[in-house]
Amino acid sequence: MIKFDNINNETPYLVFRDKYTESVKAKQKNIEAICISSYSSENKEVNARYVNLKIIDGKEFIFFSNYNSPKSIDFNSHNQITALIYWNNINVQIRMKAHIKKTSREFNKAYFAGRDEEKNALAISSEQSNVIDSYKSVQENYEISLENSNLSECPDYWGGFSFTPYYFEFWEGHEKRLNKREAYEDQNGIWIHSFLQP
Ligand SMILES: Cc1cc2nc3c(=O)[nH]c(=O)nc-3n(C[C@H](O)[C@H](O)[C@H](O)COP(=O)(O)O)c2cc1C
């Protein structure tokens, strides 16, 4: 489940929340899953991966990851992203464009301390996306971390990423492909609304 804090009442945020509520009622699986694109300025390559969207605090969408991972390196050199959600139970896609940044160390520490110890053991032991000789080594590293680490102490290479969309697009699938698309674009603090052809 996504945690909503300090709810923002601007229209696209309200639409997002309505769709989320509808999707929860429709028992959407993996409702937190959100695809985040990135661009590596060094390799001149676009990449994408799913993460779990954990918190929407006011205007900020927040997920957590490893700060040494490829995505994090990409964000350091190019902080513009596109985020994509598809809730198949209600046939809704949400596209967002934003700039991304790290959350504060204090925030990360507090969040980490409140998580399950098993999750933290993995976050501590994993050099995310580095090549390893076998899956067995992953399991061994995890067991070592579970036994030997302080599982409430957030490592400095783990934390949140926050993005505040400047563009939202809601796509609703309808019969006969009469799909409904509505966009909201932030232009100097005002949301400009438009309908898009399917
Ligand atoms: C549904 C789903 C949720 C995921 N959630 C996260 C997450 O919250 N944080 C994370 O670091 N990786 C998450 N992953 C793994 C990422 O997709 C990815 O494999 C990993 O972060 C490494 O990405 P990178 O090499 O692009 O940095 C998730 C994968 C799936 C399929």
# chains A, B, ... in the order shown; residues from 1 in each chain; ligands from 1
$ closest_atom_pairs --of "chain A" --to "ligand 1" --cutoff "7 Å" --atoms "only C-alpha atoms and all ligand atoms" --output "JSON lines"
{"residue": "A:Asn30", "atom": "CA", "partner": "ligand 1", "partner_atom_place_in_ligand_line": "1 (C)", "distance": 6.3}
{"residue": "A:Ala33", "atom": "CA", "partner": "ligand 1", "partner_atom_place_in_ligand_line": "1 (C)", "distance": 4.8}
{"residue": "A:Asn47", "atom": "CA", "partner": "ligand 1", "partner_atom_place_in_ligand_line": "26 (O)", "distance": 6.9}
{"residue": "A:Ala48", "atom": "CA", "partner": "ligand 1", "partner_atom_place_in_ligand_line": "26 (O)", "distance": 6.4}
{"residue": "A:Arg49", "atom": "CA", "partner": "ligand 1", "partner_atom_place_in_ligand_line": "17 (O)", "distance": 4.4}
{"residue": "A:Tyr50", "atom": "CA", "partner": "ligand 1", "partner_atom_place_in_ligand_line": "17 (O)", "distance": 4.1}
{"residue": "A:Val51", "atom": "CA", "partner": "ligand 1", "partner_atom_place_in_ligand_line": "5 (N)", "distance": 3.2}
{"residue": "A:Asn52", "atom": "CA", "partner": "ligand 1", "partner_atom_place_in_ligand_line": "8 (O)", "distance": 3.8}
{"residue": "A:Leu53", "atom": "CA", "partner": "ligand 1", "partner_atom_place_in_ligand_line": "8 (O)", "distance": 6.6}
{"residue": "A:Phe63", "atom": "CA", "partner": "ligand 1", "partner_atom_place_in_ligand_line": "8 (O)", "distance": 5.8}
{"residue": "A:Phe64", "atom": "CA", "partner": "ligand 1", "partner_atom_place_in_ligand_line": "9 (N)", "distance": 5.2}
{"residue": "A:Ser65", "atom": "CA", "partner": "ligand 1", "partner_atom_place_in_ligand_line": "11 (O)", "distance": 3.6}
{"residue": "A:Asn66", "atom": "CA", "partner": "ligand 1", "partner_atom_place_in_ligand_line": "11 (O)", "distance": 5.7}
{"residue": "A:Ser69", "atom": "CA", "partner": "ligand 1", "partner_atom_place_in_ligand_line": "27 (O)", "distance": 4.2}
{"residue": "A:Pro70", "atom": "CA", "partner": "ligand 1", "partner_atom_place_in_ligand_line": "27 (O)", "distance": 4.0}
{"residue": "A:Lys71", "atom": "CA", "partner": "ligand 1", "partner_atom_place_in_ligand_line": "27 (O)", "distance": 3.8}
{"residue": "A:Ser72", "atom": "CA", "partner": "ligand 1", "partner_atom_place_in_ligand_line": "27 (O)", "distance": 6.3}
{"residue": "A:Gln128", "atom": "CA", "partner": "ligand 1", "partner_atom_place_in_ligand_line": "22 (C)", "distance": 6.1}
{"residue": "A:Ser129", "atom": "CA", "partner": "ligand 1", "partner_atom_place_in_ligand_line": "25 (O)", "distance": 4.8}
$ residues_around --residues "Glu10 in chain A" --least-positions-apart "3" --cutoff "12 Å" --atoms "only C-alpha atoms" --output "PyMOL selection string"
chain A and resi 7+13-17+58-59+165+168+184-186+189-193
$ select_by_dssp --residues "range 8-71 of chain A" --states "alpha helix (DSSP H)" --output "PDB file with C-alpha atoms, in the first residue's frame"
ATOM      1  CA  THR A  11      -6.382  18.418  -9.251  1.00  0.00           C
ATOM      2  CA  PRO A  12      -3.907  15.859 -10.655  1.00  0.00           C
ATOM      3  CA  TYR A  13      -3.067  14.700  -7.125  1.00  0.00           C
ATOM      4  CA  LEU A  14      -6.782  14.251  -6.380  1.00  0.00           C
ATOM      5  CA  VAL A  15      -7.268  12.332  -9.630  1.00  0.00           C
ATOM      6  CA  PHE A  16      -4.272  10.150  -8.727  1.00  0.00           C
ATOM      7  CA  ARG A  17      -5.769   9.431  -5.302  1.00  0.00           C
ATOM      8  CA  ASP A  18      -9.215   8.618  -6.740  1.00  0.00           C
ATOM      9  CA  LYS A  19      -7.695   6.143  -9.203  1.00  0.00           C
ATOM     10  CA  TYR A  20      -5.599   4.630  -6.413  1.00  0.00           C
ATOM     11  CA  THR A  21      -8.681   4.178  -4.180  1.00  0.00           C
ATOM     12  CA  GLU A  22     -10.582   2.601  -7.072  1.00  0.00           C
ATOM     13  CA  SER A  23      -7.658   0.288  -7.712  1.00  0.00           C
ATOM     14  CA  VAL A  24      -7.419  -0.746  -4.031  1.00  0.00           C
ATOM     15  CA  LYS A  25     -11.154  -1.570  -4.091  1.00  0.00           C
ATOM     16  CA  PRO A  70      23.001   2.029 -11.721  1.00  0.00           C
ATOM     17  CA  LYS A  71      19.728   3.972 -11.386  1.00  0.00           C
TER      18      LYS A  71
END
$ select_by_dssp --residues "chain A" --states "strand (DSSP E)" --output "VMD selection string"
chain A and resid 3 to 5 33 to 40 45 to 52 55 to 57 60 to 66 80 to 87 92 to 102 158 to 172 180 to 187 190 to 196
$ residues_around --residues "Ile124 in chain A" --least-positions-apart "5" --cutoff "9 Å" --atoms "only C-alpha atoms" --output "PyMOL selection string"
chain A and resi 119+142+145+149+151+154-155+157-158
$ atom_distance --atom1 "CA of Gly173 in chain A" --atom2 "CA of Thr82 in chain A"
20.5 Å
$ residues_around --residues "His174 in chain A" --least-positions-apart "6" --cutoff "12 Å" --atoms "only C-alpha atoms" --output "ChimeraX atom specification"
/A:90-92,180-181,198
$ residues_around --residues "Ala83 in chain A" --least-positions-apart "4" --cutoff "6 Å" --atoms "only C-alpha atoms" --output "PyMOL selection string"
chain A and resi 35-36+95-96
$ closest_residue --among "A:Ser162, A:Ser41, A:Asn89, A:Ser152" --to "Lys54 in chain A" --atoms "only C-alpha atoms"
A:Ser162
$ closest_residue --among "A:Asp5, A:Asp116, A:Glu42, A:Glu106" --to "Gly160 in chain A" --atoms "only C-alpha atoms"
A:Glu106
$ closest_residue --among "A:Asn188, A:Ser194, A:Thr164, A:Asn141" --to "Glu127 in chain A" --atoms "only C-alpha atoms"
A:Asn141
$ decode --residues "range 94-120 of chain A" --atoms "N, CA and C atoms" --output "JSON list (two decimals), in the first residue's frame"
[["chain", "number", "residue", "atom", "x", "y", "z"],
["A", 94, "ILE", "N", -0.89, 5.63, -15.60],
["A", 94, "ILE", "CA", -0.56, 7.01, -15.18],
["A", 94, "ILE", "C", 0.90, 7.28, -15.54],
["A", 95, "ARG", "N", 1.09, 8.33, -16.32],
["A", 95, "ARG", "CA", 2.46, 8.72, -16.69],
["A", 95, "ARG", "C", 2.80, 10.02, -15.98],
["A", 96, "MET", "N", 4.00, 10.08, -15.40],
["A", 96, "MET", "CA", 4.43, 11.31, -14.74],
["A", 96, "MET", "C", 5.85, 11.66, -15.19],
["A", 97, "LYS", "N", 6.10, 12.95, -15.34],
["A", 97, "LYS", "CA", 7.46, 13.40, -15.63],
["A", 97, "LYS", "C", 7.90, 14.27, -14.47],
["A", 98, "ALA", "N", 9.17, 14.16, -14.10],
["A", 98, "ALA", "CA", 9.63, 14.87, -12.89],
["A", 98, "ALA", "C", 11.14, 14.98, -12.86],
["A", 99, "HIS", "N", 11.61, 15.74, -11.88],
["A", 99, "HIS", "CA", 13.03, 15.74, -11.54],
["A", 99, "HIS", "C", 13.18, 15.01, -10.21],
["A", 100, "ILE", "N", 14.25, 14.25, -10.10],
["A", 100, "ILE", "CA", 14.39, 13.36, -8.94],
["A", 100, "ILE", "C", 15.58, 13.77, -8.08],
["A", 101, "LYS", "N", 15.44, 13.55, -6.76],
["A", 101, "LYS", "CA", 16.55, 13.85, -5.84],
["A", 101, "LYS", "C", 16.52, 12.85, -4.69],
["A", 102, "LYS", "N", 17.62, 12.81, -3.94],
["A", 102, "LYS", "CA", 17.69, 11.92, -2.78],
["A", 102, "LYS", "C", 16.93, 12.54, -1.62],
["A", 103, "THR", "N", 16.35, 11.69, -0.75],
["A", 103, "THR", "CA", 15.75, 12.20, 0.49],
["A", 103, "THR", "C", 16.88, 12.41, 1.51],
["A", 104, "SER", "N", 16.56, 13.09, 2.61],
["A", 104, "SER", "CA", 17.63, 13.44, 3.57],
["A", 104, "SER", "C", 18.10, 12.22, 4.36],
["A", 105, "ARG", "N", 19.30, 12.30, 4.86],
["A", 105, "ARG", "CA", 19.88, 11.20, 5.67],
["A", 105, "ARG", "C", 19.01, 10.93, 6.91],
["A", 106, "GLU", "N", 18.49, 12.00, 7.52],
["A", 106, "GLU", "CA", 17.66, 11.85, 8.73],
["A", 106, "GLU", "C", 16.40, 11.05, 8.38],
["A", 107, "PHE", "N", 15.78, 11.42, 7.25],
["A", 107, "PHE", "CA", 14.57, 10.73, 6.80],
["A", 107, "PHE", "C", 14.88, 9.24, 6.56],
["A", 108, "ASN", "N", 16.01, 8.98, 5.87],
["A", 108, "ASN", "CA", 16.37, 7.60, 5.55],
["A", 108, "ASN", "C", 16.59, 6.77, 6.82],
["A", 109, "LYS", "N", 17.28, 7.39, 7.78],
["A", 109, "LYS", "CA", 17.58, 6.66, 9.03],
["A", 109, "LYS", "C", 16.28, 6.28, 9.74],
["A", 110, "ALA", "N", 15.36, 7.25, 9.82],
["A", 110, "ALA", "CA", 14.10, 7.01, 10.54],
["A", 110, "ALA", "C", 13.28, 5.95, 9.81],
["A", 111, "TYR", "N", 13.25, 6.02, 8.48],
["A", 111, "TYR", "CA", 12.45, 5.05, 7.71],
["A", 111, "TYR", "C", 13.05, 3.65, 7.85],
["A", 112, "PHE", "N", 14.37, 3.56, 7.74],
["A", 112, "PHE", "CA", 15.06, 2.26, 7.82],
["A", 112, "PHE", "C", 14.81, 1.60, 9.17],
["A", 113, "ALA", "N", 14.87, 2.41, 10.23],
["A", 113, "ALA", "CA", 14.70, 1.87, 11.58],
["A", 113, "ALA", "C", 13.31, 1.28, 11.78],
["A", 114, "GLY", "N", 12.33, 1.73, 10.97],
["A", 114, "GLY", "CA", 10.96, 1.24, 11.11],
["A", 114, "GLY", "C", 10.65, 0.04, 10.23],
["A", 115, "ARG", "N", 11.62, -0.43, 9.46],
["A", 115, "ARG", "CA", 11.35, -1.54, 8.52],
["A", 115, "ARG", "C", 11.63, -2.90, 9.15],
["A", 116, "ASP", "N", 11.13, -3.96, 8.49],
["A", 116, "ASP", "CA", 11.42, -5.33, 8.96],
["A", 116, "ASP", "C", 12.92, -5.58, 8.90],
["A", 117, "GLU", "N", 13.41, -6.32, 9.89],
["A", 117, "GLU", "CA", 14.85, -6.58, 9.95],
["A", 117, "GLU", "C", 15.33, -7.42, 8.75],
["A", 118, "GLU", "N", 14.48, -8.34, 8.29],
["A", 118, "GLU", "CA", 14.88, -9.18, 7.14],
["A", 118, "GLU", "C", 15.14, -8.32, 5.90],
["A", 119, "LYS", "N", 14.24, -7.34, 5.69],
["A", 119, "LYS", "CA", 14.42, -6.44, 4.54],
["A", 119, "LYS", "C", 15.71, -5.66, 4.69],
["A", 120, "ASN", "N", 15.97, -5.21, 5.93],
["A", 120, "ASN", "CA", 17.17, -4.41, 6.16],
["A", 120, "ASN", "C", 18.44, -5.22, 5.97]]
